[in-house]
Amino acid sequence: MVRVIDKLLLFVFSLAVLVACCVLLFCAFGWISYESLAGFAHNVYYDMNTALIFIALTVIMALISIRFLYVSFRRSKANVPSIDQRTDYGDIRISMDTVENLSLKAARRTRGVQDLKARVKVSQAGLEIIIRAIVDGESSIPQLTEEMQSGVKAHIEEITGIPVAVVTVFVANIQQSSPTFKSRVE
């Protein structure tokens with residue numbers, strides 16, 4: 001939510017700066033007369049309605065500027081995506097790479113798997129783990145994937161303590177066995 005508000009503030013700020021630049025350019029090219037600017041300045045000094053609008057816009061732009069200064073100087077959290085947990089003893093942060101590697105480790109235990117890749121997403125229900133596998137083509141794919149799903153789910157929940165909502169296995173291909181040639185010796 002904060003990012004959406006910051007993006008909206010950035011849009012408003014950029015629009016205001018663009019309008020101010022256009023006004024200054026119009027003044028520099030003489031498209032806005034000196035008398036018009038003098039009349040506006042006179043109204044800011046002596047007309048309370050114009051002065052209040054001018055003050056309100058100036059304060060809003062100053063607050064937006066202060067917000068952007070704060071955002072630019074504050075220390076950001078680590079750039080590494082992680083899963084945060086709070087325990088009785090303090091906070092625990094587990095990187096997404098750790099969960100992906102644990103998933104791969106558990107999936108490699110399944111017989112018939114040749115090559116694996118994993119991706120982890122965090123959802124409200126828990127972790128969503130997507131595993132892309134290349135299998136040997138000798139084992140039953142439904143049995144292999146079911147074994148892999150239950151193994152990965154159990155391993156991740158046991159090691160990290162984070163609930164796993166779903167483990168999706170995508171069988172990308174089967175391992176092509178390289179032809180074996182017997183050389184003849186004569």
# chains A, B, ... in the order shown; residues from 1 in each chain; ligands from 1
$ closest_atom_pairs --of "range 6-100 of chain A" --to "range 107-127 of chain A" --cutoff "8 Å" --atoms "only C-alpha atoms" --output "CSV"
residue,atom,partner,partner_atom,distance
A:Ile83,CA,A:Val122,CA,8.0
A:Met96,CA,A:Val120,CA,6.7
A:Val99,CA,A:Val120,CA,7.2
A:Glu100,CA,A:Ala118,CA,5.6
$ atom_distance --atom1 "CA of Ala172 in chain A" --atom2 "CA of Ile134 in chain A"
5.6 Å
$ closest_residue --among "A:Ile156, A:Ala165, A:Ile174, A:Val17" --to "Gly137 in chain A" --atoms "only C-alpha atoms"
A:Ile174
$ atom_distance --atom1 "CA of Thr160 in chain A" --atom2 "CA of Glu146 in chain A"
21.2 Å
$ select_by_dssp --residues "range 19-169 of chain A" --states "strand (DSSP E)" --output "CSV table (one decimal) with all heavy atoms, in the first residue's frame"
chain,number,residue,atom,x,y,z
A,82,SER,N,12.9,-12.6,1.1
A,82,SER,CA,13.0,-13.6,2.2
A,82,SER,C,11.6,-13.8,2.8
A,82,SER,O,10.7,-13.0,2.5
A,82,SER,CB,13.9,-13.1,3.3
A,82,SER,OG,13.5,-11.9,3.9
A,83,ILE,N,11.5,-14.8,3.6
A,83,ILE,CA,10.3,-15.1,4.4
A,83,ILE,C,10.6,-14.8,5.8
A,83,ILE,O,11.6,-15.3,6.4
A,83,ILE,CB,9.9,-16.6,4.2
A,83,ILE,CG1,9.7,-16.9,2.7
A,83,ILE,CG2,8.7,-16.9,5.0
A,83,ILE,CD1,9.8,-18.4,2.4
A,84,ASP,N,9.8,-13.9,6.4
A,84,ASP,CA,10.0,-13.5,7.8
A,84,ASP,C,9.1,-14.2,8.7
A,84,ASP,O,7.9,-14.3,8.4
A,84,ASP,CB,9.8,-12.0,7.9
A,84,ASP,CG,10.8,-11.2,7.0
A,84,ASP,OD1,11.8,-11.8,6.6
A,84,ASP,OD2,10.5,-10.1,6.6
A,85,GLN,N,9.6,-14.7,9.9
A,85,GLN,CA,8.8,-15.3,10.9
A,85,GLN,C,9.2,-14.7,12.2
A,85,GLN,O,10.3,-14.3,12.5
A,85,GLN,CB,9.1,-16.8,11.0
A,85,GLN,CG,8.6,-17.6,9.8
A,85,GLN,CD,8.9,-19.1,10.0
A,85,GLN,OE1,10.0,-19.4,10.3
A,85,GLN,NE2,7.9,-19.9,9.9
A,86,ARG,N,8.2,-14.6,13.1
A,86,ARG,CA,8.4,-14.1,14.4
A,86,ARG,C,8.2,-15.2,15.4
A,86,ARG,O,7.3,-15.9,15.4
A,86,ARG,CB,7.5,-12.9,14.8
A,86,ARG,CG,7.7,-12.3,16.1
A,86,ARG,CD,6.8,-11.1,16.3
A,86,ARG,NE,7.2,-10.0,15.4
A,86,ARG,CZ,8.2,-9.1,15.7
A,86,ARG,NH1,8.8,-9.2,16.8
A,86,ARG,NH2,8.4,-8.2,14.8
A,91,ASP,N,13.1,-12.6,15.6
A,91,ASP,CA,12.7,-12.7,14.2
A,91,ASP,C,13.6,-13.7,13.5
A,91,ASP,O,14.8,-13.8,13.8
A,91,ASP,CB,12.8,-11.4,13.4
A,91,ASP,CG,11.7,-10.4,14.0
A,91,ASP,OD1,10.7,-10.9,14.5
A,91,ASP,OD2,12.0,-9.2,13.8
A,92,ILE,N,13.0,-14.4,12.5
A,92,ILE,CA,13.8,-15.3,11.7
A,92,ILE,C,13.5,-14.9,10.2
A,92,ILE,O,12.4,-14.7,9.8
A,92,ILE,CB,13.4,-16.8,11.9
A,92,ILE,CG1,13.6,-17.2,13.3
A,92,ILE,CG2,14.1,-17.7,10.9
A,92,ILE,CD1,13.0,-18.6,13.6
A,93,ARG,N,14.6,-14.8,9.4
A,93,ARG,CA,14.5,-14.5,8.0
A,93,ARG,C,15.1,-15.7,7.2
A,93,ARG,O,16.3,-16.0,7.4
A,93,ARG,CB,15.2,-13.2,7.7
A,93,ARG,CG,14.5,-12.0,8.3
A,93,ARG,CD,15.1,-10.7,8.0
A,93,ARG,NE,14.8,-10.5,6.6
A,93,ARG,CZ,15.6,-9.7,5.8
A,93,ARG,NH1,16.7,-9.2,6.2
A,93,ARG,NH2,15.3,-9.6,4.5
A,94,ILE,N,14.3,-16.3,6.4
A,94,ILE,CA,14.8,-17.4,5.5
A,94,ILE,C,14.7,-16.9,4.1
A,94,ILE,O,13.7,-16.5,3.6
A,94,ILE,CB,14.0,-18.6,5.7
A,94,ILE,CG1,14.0,-19.1,7.2
A,94,ILE,CG2,14.5,-19.8,4.8
A,94,ILE,CD1,13.1,-20.2,7.5
A,95,SER,N,15.9,-16.9,3.4
A,95,SER,CA,15.9,-16.4,2.0
A,95,SER,C,15.1,-17.4,1.1
A,95,SER,O,15.0,-18.6,1.4
A,95,SER,CB,17.3,-16.2,1.5
A,95,SER,OG,17.9,-17.5,1.2
A,113,VAL,N,14.2,-39.0,-11.4
A,113,VAL,CA,14.4,-37.6,-11.7
A,113,VAL,C,15.8,-37.3,-12.2
A,113,VAL,O,16.7,-37.7,-11.6
A,113,VAL,CB,14.0,-36.7,-10.5
A,113,VAL,CG1,14.3,-35.3,-10.8
A,113,VAL,CG2,12.6,-37.0,-10.1
A,114,GLN,N,15.9,-36.6,-13.3
A,114,GLN,CA,17.2,-36.3,-13.9
A,114,GLN,C,17.7,-34.9,-13.7
A,114,GLN,O,18.8,-34.6,-13.2
A,114,GLN,CB,17.2,-36.6,-15.4
A,114,GLN,CG,16.9,-38.0,-15.8
A,114,GLN,CD,18.0,-39.0,-15.3
A,114,GLN,OE1,19.1,-38.7,-15.3
A,114,GLN,NE2,17.5,-40.2,-14.9
A,115,ASP,N,16.8,-33.9,-14.0
A,115,ASP,CA,17.2,-32.5,-13.9
A,115,ASP,C,16.1,-31.8,-13.2
A,115,ASP,O,14.9,-32.0,-13.5
A,115,ASP,CB,17.5,-32.0,-15.3
A,115,ASP,CG,18.1,-30.5,-15.2
A,115,ASP,OD1,18.7,-30.2,-14.2
A,115,ASP,OD2,17.8,-29.8,-16.2
A,116,LEU,N,16.4,-30.8,-12.3
A,116,LEU,CA,15.4,-30.1,-11.6
A,116,LEU,C,15.6,-28.6,-11.5
A,116,LEU,O,16.8,-28.2,-11.5
A,116,LEU,CB,15.3,-30.6,-10.2
A,116,LEU,CG,14.8,-32.0,-9.9
A,116,LEU,CD1,15.1,-32.4,-8.5
A,116,LEU,CD2,13.3,-32.1,-10.2
A,117,LYS,N,14.6,-27.8,-11.5
A,117,LYS,CA,14.6,-26.4,-11.2
A,117,LYS,C,13.4,-26.1,-10.3
A,117,LYS,O,12.4,-26.7,-10.5
A,117,LYS,CB,14.6,-25.6,-12.5
A,117,LYS,CG,15.8,-25.7,-13.4
A,117,LYS,CD,15.7,-24.8,-14.6
A,117,LYS,CE,16.9,-25.0,-15.5
A,117,LYS,NZ,16.8,-24.4,-16.7
A,118,ALA,N,13.6,-25.2,-9.4
A,118,ALA,CA,12.5,-24.8,-8.5
A,118,ALA,C,12.3,-23.3,-8.4
A,118,ALA,O,13.3,-22.5,-8.6
A,118,ALA,CB,12.8,-25.4,-7.1
A,119,ARG,N,11.1,-23.0,-8.1
A,119,ARG,CA,10.8,-21.6,-7.9
A,119,ARG,C,9.7,-21.5,-6.7
A,119,ARG,O,8.8,-22.4,-6.7
A,119,ARG,CB,10.2,-20.9,-9.2
A,119,ARG,CG,10.1,-19.4,-9.1
A,119,ARG,CD,9.7,-18.8,-10.4
A,119,ARG,NE,8.3,-19.1,-10.6
A,119,ARG,CZ,7.8,-19.3,-11.8
A,119,ARG,NH1,8.6,-19.3,-12.9
A,119,ARG,NH2,6.5,-19.6,-12.0
A,120,VAL,N,9.9,-20.5,-5.9
A,120,VAL,CA,9.0,-20.5,-4.7
A,120,VAL,C,8.3,-19.1,-4.7
A,120,VAL,O,8.9,-18.1,-4.9
A,120,VAL,CB,9.9,-20.6,-3.4
A,120,VAL,CG1,9.0,-20.5,-2.2
A,120,VAL,CG2,10.6,-21.9,-3.4
A,121,LYS,N,7.0,-19.1,-4.4
A,121,LYS,CA,6.2,-17.9,-4.2
A,121,LYS,C,5.6,-18.0,-2.9
A,121,LYS,O,5.3,-19.0,-2.4
A,121,LYS,CB,5.2,-17.8,-5.3
A,121,LYS,CG,5.7,-17.7,-6.7
A,121,LYS,CD,4.5,-17.6,-7.7
A,121,LYS,CE,5.0,-17.6,-9.1
A,121,LYS,NZ,3.8,-17.6,-10.0
A,122,VAL,N,5.3,-16.8,-2.3
A,122,VAL,CA,4.7,-16.7,-1.0
A,122,VAL,C,3.2,-16.3,-1.2
A,122,VAL,O,3.0,-15.3,-1.9
A,122,VAL,CB,5.4,-15.7,-0.1
A,122,VAL,CG1,4.7,-15.7,1.3
A,122,VAL,CG2,6.8,-16.1,0.1
A,127,LEU,N,3.5,-21.4,1.3
A,127,LEU,CA,4.4,-21.4,0.1
A,127,LEU,C,3.8,-22.1,-1.1
A,127,LEU,O,3.2,-23.1,-0.9
A,127,LEU,CB,5.7,-22.0,0.5
A,127,LEU,CG,6.5,-21.4,1.6
A,127,LEU,CD1,7.8,-22.2,1.9
A,127,LEU,CD2,6.9,-20.0,1.3
A,128,GLU,N,4.1,-21.6,-2.2
A,128,GLU,CA,3.7,-22.2,-3.5
A,128,GLU,C,5.0,-22.6,-4.1
A,128,GLU,O,5.8,-21.7,-4.5
A,128,GLU,CB,2.9,-21.3,-4.4
A,128,GLU,CG,1.5,-21.0,-3.8
A,128,GLU,CD,0.7,-20.0,-4.7
A,128,GLU,OE1,1.2,-19.7,-5.8
A,128,GLU,OE2,-0.3,-19.6,-4.3
A,129,ILE,N,5.3,-23.9,-4.3
A,129,ILE,CA,6.6,-24.3,-4.8
A,129,ILE,C,6.3,-24.9,-6.2
A,129,ILE,O,5.4,-25.8,-6.3
A,129,ILE,CB,7.2,-25.4,-3.9
A,129,ILE,CG1,7.5,-24.7,-2.5
A,129,ILE,CG2,8.5,-25.9,-4.5
A,129,ILE,CD1,7.9,-25.7,-1.5
A,130,ILE,N,7.0,-24.4,-7.2
A,130,ILE,CA,6.9,-24.9,-8.5
A,130,ILE,C,8.2,-25.6,-8.9
A,130,ILE,O,9.3,-25.0,-8.9
A,130,ILE,CB,6.6,-23.8,-9.5
A,130,ILE,CG1,5.3,-23.1,-9.1
A,130,ILE,CG2,6.5,-24.3,-10.9
A,130,ILE,CD1,5.1,-21.7,-9.7
A,131,ILE,N,8.1,-26.9,-9.3
A,131,ILE,CA,9.3,-27.6,-9.6
A,131,ILE,C,9.2,-28.1,-11.1
A,131,ILE,O,8.2,-28.6,-11.5
A,131,ILE,CB,9.4,-28.9,-8.7
A,131,ILE,CG1,9.7,-28.4,-7.3
A,131,ILE,CG2,10.6,-29.8,-9.2
A,131,ILE,CD1,9.8,-29.5,-6.3
A,132,ARG,N,10.2,-27.8,-11.9
A,132,ARG,CA,10.3,-28.2,-13.3
A,132,ARG,C,11.3,-29.3,-13.3
A,132,ARG,O,12.4,-29.2,-12.8
A,132,ARG,CB,10.9,-27.0,-14.1
A,132,ARG,CG,11.0,-27.3,-15.6
A,132,ARG,CD,11.6,-26.1,-16.3
A,132,ARG,NE,11.7,-26.4,-17.7
A,132,ARG,CZ,12.7,-27.1,-18.3
A,132,ARG,NH1,13.6,-27.6,-17.5
A,132,ARG,NH2,12.7,-27.3,-19.6
A,133,ALA,N,10.8,-30.5,-13.8
A,133,ALA,CA,11.6,-31.7,-13.8
A,133,ALA,C,11.8,-32.3,-15.2
A,133,ALA,O,10.9,-32.2,-16.0
A,133,ALA,CB,11.0,-32.7,-12.8
A,134,ILE,N,12.9,-32.9,-15.4
A,134,ILE,CA,13.2,-33.8,-16.5
A,134,ILE,C,13.3,-35.2,-15.9
A,134,ILE,O,14.1,-35.4,-15.0
A,134,ILE,CB,14.4,-33.4,-17.3
A,134,ILE,CG1,14.2,-32.0,-17.9
A,134,ILE,CG2,14.7,-34.4,-18.4
A,134,ILE,CD1,15.3,-31.5,-18.7
A,135,VAL,N,12.5,-36.1,-16.4
A,135,VAL,CA,12.5,-37.5,-15.8
A,135,VAL,C,13.1,-38.5,-16.7
A,135,VAL,O,13.4,-38.2,-17.9
A,135,VAL,CB,11.0,-37.9,-15.4
A,135,VAL,CG1,10.5,-37.0,-14.4
A,135,VAL,CG2,10.1,-37.9,-16.6
A,164,VAL,N,3.3,-25.3,3.6
A,164,VAL,CA,3.4,-25.3,2.1
A,164,VAL,C,2.0,-25.5,1.6
A,164,VAL,O,1.3,-26.5,2.0
A,164,VAL,CB,4.3,-26.5,1.6
A,164,VAL,CG1,4.3,-26.6,0.1
A,164,VAL,CG2,5.7,-26.3,2.1
A,165,ALA,N,1.5,-24.5,0.8
A,165,ALA,CA,0.1,-24.6,0.3
A,165,ALA,C,0.0,-25.6,-0.8
A,165,ALA,O,-0.9,-26.4,-0.9
A,165,ALA,CB,-0.3,-23.2,-0.1
A,166,VAL,N,1.0,-25.5,-1.7
A,166,VAL,CA,0.9,-26.4,-2.9
A,166,VAL,C,2.3,-26.6,-3.5
A,166,VAL,O,3.1,-25.7,-3.4
A,166,VAL,CB,-0.1,-25.7,-4.0
A,166,VAL,CG1,0.5,-24.4,-4.5
A,166,VAL,CG2,-0.4,-26.7,-5.1
A,167,VAL,N,2.5,-27.8,-4.0
A,167,VAL,CA,3.7,-28.1,-4.7
A,167,VAL,C,3.3,-28.5,-6.1
A,167,VAL,O,2.6,-29.5,-6.3
A,167,VAL,CB,4.5,-29.3,-4.0
A,167,VAL,CG1,5.7,-29.6,-4.9
A,167,VAL,CG2,4.9,-28.9,-2.6
A,168,THR,N,3.7,-27.7,-7.1
A,168,THR,CA,3.3,-28.0,-8.5
A,168,THR,C,4.5,-28.6,-9.2
A,168,THR,O,5.6,-28.0,-9.1
A,168,THR,CB,2.9,-26.7,-9.2
A,168,THR,OG1,1.8,-26.1,-8.5
A,168,THR,CG2,2.5,-27.0,-10.6
A,169,VAL,N,4.3,-29.7,-9.8
A,169,VAL,CA,5.4,-30.4,-10.6
A,169,VAL,C,5.1,-30.3,-12.1
A,169,VAL,O,4.1,-30.7,-12.5
A,169,VAL,CB,5.7,-31.8,-10.1
A,169,VAL,CG1,6.8,-32.5,-11.0
A,169,VAL,CG2,6.0,-31.9,-8.7
$ atom_distance --atom1 "CA of Arg3 in chain A" --atom2 "CA of Ser72 in chain A"
13.3 Å
$ closest_residue --among "A:Val23, A:Ala154, A:Ile64, A:Leu102" --to "Leu10 in chain A" --atoms "only C-alpha atoms"
A:Ile64
$ select_by_dssp --residues "range 60-150 of chain A" --states "alpha helix (DSSP H)" --output "PyMOL selection string"
chain A and resi 60-73+96-108+141-150
$ write_last_selection --atoms "N, CA, C and O atoms" --output "short mmCIF file (atom, residue, chain, number, x, y, z; two decimals), in the first residue's frame"
data_model
loop_
_atom_site.label_atom_id
_atom_site.label_comp_id
_atom_site.auth_asym_id
_atom_site.auth_seq_id
_atom_site.Cartn_x
_atom_site.Cartn_y
_atom_site.Cartn_z
N ILE A 60 1.82 21.52 0.31
CA ILE A 60 1.65 20.16 -0.21
C ILE A 60 2.91 19.72 -0.96
O ILE A 60 3.41 18.61 -0.76
N MET A 61 3.42 20.58 -1.82
CA MET A 61 4.63 20.23 -2.58
C MET A 61 5.83 20.07 -1.65
O MET A 61 6.67 19.18 -1.86
N ALA A 62 5.91 20.88 -0.61
CA ALA A 62 7.01 20.75 0.35
C ALA A 62 6.90 19.43 1.11
O ALA A 62 7.92 18.76 1.34
N LEU A 63 5.70 19.04 1.50
CA LEU A 63 5.52 17.76 2.20
C LEU A 63 5.87 16.57 1.30
O LEU A 63 6.49 15.60 1.76
N ILE A 64 5.47 16.65 0.05
CA ILE A 64 5.83 15.57 -0.88
C ILE A 64 7.35 15.51 -1.05
O ILE A 64 7.94 14.43 -1.07
N SER A 65 8.00 16.67 -1.13
CA SER A 65 9.46 16.70 -1.25
C SER A 65 10.12 16.10 -0.02
O SER A 65 11.09 15.34 -0.13
N ILE A 66 9.59 16.43 1.16
CA ILE A 66 10.14 15.85 2.41
C ILE A 66 9.95 14.34 2.42
O ILE A 66 10.86 13.60 2.81
N ARG A 67 8.81 13.86 1.95
CA ARG A 67 8.58 12.40 1.89
C ARG A 67 9.61 11.74 0.97
O ARG A 67 10.17 10.69 1.31
N PHE A 68 9.86 12.32 -0.18
CA PHE A 68 10.83 11.74 -1.11
C PHE A 68 12.24 11.79 -0.55
O PHE A 68 13.03 10.87 -0.77
N LEU A 69 12.58 12.85 0.17
CA LEU A 69 13.88 12.91 0.83
C LEU A 69 14.00 11.80 1.87
O LEU A 69 15.04 11.14 1.98
N TYR A 70 12.95 11.60 2.64
CA TYR A 70 12.95 10.53 3.65
C TYR A 70 13.12 9.16 2.99
O TYR A 70 13.92 8.35 3.45
N VAL A 71 12.37 8.91 1.92
CA VAL A 71 12.45 7.62 1.23
C VAL A 71 13.85 7.41 0.65
O VAL A 71 14.38 6.30 0.69
N SER A 72 14.46 8.46 0.16
CA SER A 72 15.78 8.30 -0.46
C SER A 72 16.89 8.07 0.55
O SER A 72 17.89 7.42 0.25
N PHE A 73 16.71 8.56 1.79
CA PHE A 73 17.77 8.42 2.79
C PHE A 73 17.55 7.30 3.80
O PHE A 73 18.48 6.92 4.50
N MET A 96 14.57 -16.82 0.02
CA MET A 96 13.84 -17.63 -0.96
C MET A 96 14.78 -18.65 -1.60
O MET A 96 14.37 -19.75 -1.93
N ASP A 97 16.05 -18.27 -1.78
CA ASP A 97 17.03 -19.21 -2.34
C ASP A 97 17.18 -20.43 -1.44
O ASP A 97 17.33 -21.55 -1.94
N THR A 98 17.16 -20.22 -0.14
CA THR A 98 17.27 -21.34 0.79
C THR A 98 16.10 -22.31 0.61
O THR A 98 16.30 -23.53 0.56
N VAL A 99 14.90 -21.77 0.51
CA VAL A 99 13.72 -22.62 0.34
C VAL A 99 13.77 -23.34 -1.00
O VAL A 99 13.43 -24.53 -1.10
N GLU A 100 14.23 -22.64 -2.06
CA GLU A 100 14.36 -23.29 -3.36
C GLU A 100 15.37 -24.43 -3.31
O GLU A 100 15.13 -25.51 -3.84
N ASN A 101 16.50 -24.20 -2.65
CA ASN A 101 17.52 -25.26 -2.55
C ASN A 101 17.03 -26.43 -1.71
O ASN A 101 17.33 -27.59 -2.02
N LEU A 102 16.29 -26.16 -0.64
CA LEU A 102 15.71 -27.24 0.15
C LEU A 102 14.71 -28.04 -0.69
O LEU A 102 14.64 -29.27 -0.58
N SER A 103 13.94 -27.34 -1.52
CA SER A 103 12.98 -28.02 -2.40
C SER A 103 13.71 -28.93 -3.38
O SER A 103 13.29 -30.07 -3.62
N LEU A 104 14.78 -28.42 -3.97
CA LEU A 104 15.56 -29.23 -4.92
C LEU A 104 16.18 -30.44 -4.23
O LEU A 104 16.20 -31.55 -4.79
N LYS A 105 16.68 -30.23 -3.03
CA LYS A 105 17.29 -31.34 -2.28
C LYS A 105 16.26 -32.44 -2.03
O LYS A 105 16.55 -33.63 -2.19
N ALA A 106 15.05 -32.06 -1.63
CA ALA A 106 14.00 -33.05 -1.36
C ALA A 106 13.53 -33.71 -2.65
O ALA A 106 13.28 -34.92 -2.68
N ALA A 107 13.45 -32.95 -3.73
CA ALA A 107 12.96 -33.51 -5.00
C ALA A 107 13.97 -34.47 -5.60
O ALA A 107 13.60 -35.44 -6.28
N ARG A 108 15.26 -34.24 -5.37
CA ARG A 108 16.30 -35.13 -5.91
C ARG A 108 16.24 -36.53 -5.30
O ARG A 108 16.77 -37.47 -5.87
N ILE A 141 4.98 -41.50 -14.32
CA ILE A 141 5.01 -40.05 -14.06
C ILE A 141 4.04 -39.66 -12.96
O ILE A 141 4.42 -38.90 -12.06
N PRO A 142 2.78 -40.15 -12.94
CA PRO A 142 1.89 -39.76 -11.83
C PRO A 142 2.44 -40.20 -10.47
O PRO A 142 2.38 -39.44 -9.49
N GLN A 143 2.98 -41.39 -10.39
CA GLN A 143 3.53 -41.87 -9.12
C GLN A 143 4.77 -41.07 -8.73
O GLN A 143 4.94 -40.69 -7.57
N LEU A 144 5.62 -40.79 -9.70
CA LEU A 144 6.85 -40.03 -9.46
C LEU A 144 6.53 -38.63 -8.96
O LEU A 144 7.11 -38.16 -7.98
N THR A 145 5.59 -37.95 -9.62
CA THR A 145 5.27 -36.57 -9.23
C THR A 145 4.57 -36.53 -7.88
O THR A 145 4.82 -35.62 -7.08
N GLU A 146 3.71 -37.51 -7.60
CA GLU A 146 3.05 -37.54 -6.29
C GLU A 146 4.06 -37.75 -5.17
O GLU A 146 4.00 -37.10 -4.12
N GLU A 147 5.01 -38.64 -5.41
CA GLU A 147 6.06 -38.88 -4.42
C GLU A 147 6.91 -37.63 -4.22
O GLU A 147 7.26 -37.27 -3.10
N MET A 148 7.21 -36.94 -5.33
CA MET A 148 8.01 -35.72 -5.26
C MET A 148 7.26 -34.63 -4.50
O MET A 148 7.83 -33.95 -3.64
N GLN A 149 5.97 -34.46 -4.78
CA GLN A 149 5.17 -33.44 -4.11
C GLN A 149 5.10 -33.68 -2.61
O GLN A 149 5.33 -32.75 -1.82
N SER A 150 4.81 -34.91 -2.21
CA SER A 150 4.70 -35.17 -0.77
C SER A 150 6.05 -35.05 -0.08
O SER A 150 6.14 -34.54 1.04
#
$ decode --residues "range 25-39 of chain A" --atoms "N, CA and C atoms" --output "PDB file, in the first residue's frame"
ATOM      1  N   LEU A  25       9.130  28.305 -18.847  1.00  0.00           N
ATOM      2  CA  LEU A  25       9.495  28.401 -20.269  1.00  0.00           C
ATOM      3  C   LEU A  25       8.617  29.421 -20.994  1.00  0.00           C
ATOM      4  N   PHE A  26       7.310  29.400 -20.707  1.00  0.00           N
ATOM      5  CA  PHE A  26       6.417  30.372 -21.332  1.00  0.00           C
ATOM      6  C   PHE A  26       6.823  31.792 -20.964  1.00  0.00           C
ATOM      7  N   CYS A  27       7.250  32.003 -19.718  1.00  0.00           N
ATOM      8  CA  CYS A  27       7.715  33.324 -19.297  1.00  0.00           C
ATOM      9  C   CYS A  27       8.998  33.703 -20.035  1.00  0.00           C
ATOM     10  N   ALA A  28       9.921  32.716 -20.156  1.00  0.00           N
ATOM     11  CA  ALA A  28      11.196  32.993 -20.827  1.00  0.00           C
ATOM     12  C   ALA A  28      10.994  33.350 -22.293  1.00  0.00           C
ATOM     13  N   PHE A  29      10.013  32.723 -22.961  1.00  0.00           N
ATOM     14  CA  PHE A  29       9.752  33.026 -24.368  1.00  0.00           C
ATOM     15  C   PHE A  29       8.833  34.232 -24.549  1.00  0.00           C
ATOM     16  N   GLY A  30       8.350  34.774 -23.449  1.00  0.00           N
ATOM     17  CA  GLY A  30       7.508  35.951 -23.529  1.00  0.00           C
ATOM     18  C   GLY A  30       6.061  35.639 -23.845  1.00  0.00           C
ATOM     19  N   TRP A  31       5.643  34.386 -23.732  1.00  0.00           N
ATOM     20  CA  TRP A  31       4.263  34.006 -24.040  1.00  0.00           C
ATOM     21  C   TRP A  31       3.324  34.356 -22.890  1.00  0.00           C
ATOM     22  N   ILE A  32       3.885  34.523 -21.708  1.00  0.00           N
ATOM     23  CA  ILE A  32       3.109  35.030 -20.574  1.00  0.00           C
ATOM     24  C   ILE A  32       3.665  36.423 -20.289  1.00  0.00           C
ATOM     25  N   SER A  33       2.796  37.382 -20.308  1.00  0.00           N
ATOM     26  CA  SER A  33       3.258  38.769 -20.190  1.00  0.00           C
ATOM     27  C   SER A  33       3.684  39.093 -18.759  1.00  0.00           C
ATOM     28  N   TYR A  34       4.536  40.091 -18.684  1.00  0.00           N
ATOM     29  CA  TYR A  34       5.032  40.551 -17.388  1.00  0.00           C
ATOM     30  C   TYR A  34       3.881  41.078 -16.531  1.00  0.00           C
ATOM     31  N   GLU A  35       2.920  41.716 -17.185  1.00  0.00           N
ATOM     32  CA  GLU A  35       1.788  42.269 -16.467  1.00  0.00           C
ATOM     33  C   GLU A  35       0.960  41.159 -15.811  1.00  0.00           C
ATOM     34  N   SER A  36       0.811  40.007 -16.498  1.00  0.00           N
ATOM     35  CA  SER A  36       0.062  38.876 -15.921  1.00  0.00           C
ATOM     36  C   SER A  36       0.780  38.334 -14.689  1.00  0.00           C
ATOM     37  N   LEU A  37       2.122  38.188 -14.793  1.00  0.00           N
ATOM     38  CA  LEU A  37       2.886  37.716 -13.641  1.00  0.00           C
ATOM     39  C   LEU A  37       2.833  38.726 -12.497  1.00  0.00           C
ATOM     40  N   ALA A  38       2.932  39.993 -12.827  1.00  0.00           N
ATOM     41  CA  ALA A  38       2.870  41.016 -11.787  1.00  0.00           C
ATOM     42  C   ALA A  38       1.495  41.020 -11.124  1.00  0.00           C
ATOM     43  N   GLY A  39       0.461  40.791 -11.911  1.00  0.00           N
ATOM     44  CA  GLY A  39      -0.896  40.728 -11.350  1.00  0.00           C
ATOM     45  C   GLY A  39      -1.058  39.522 -10.422  1.00  0.00           C
TER      46      GLY A  39
END
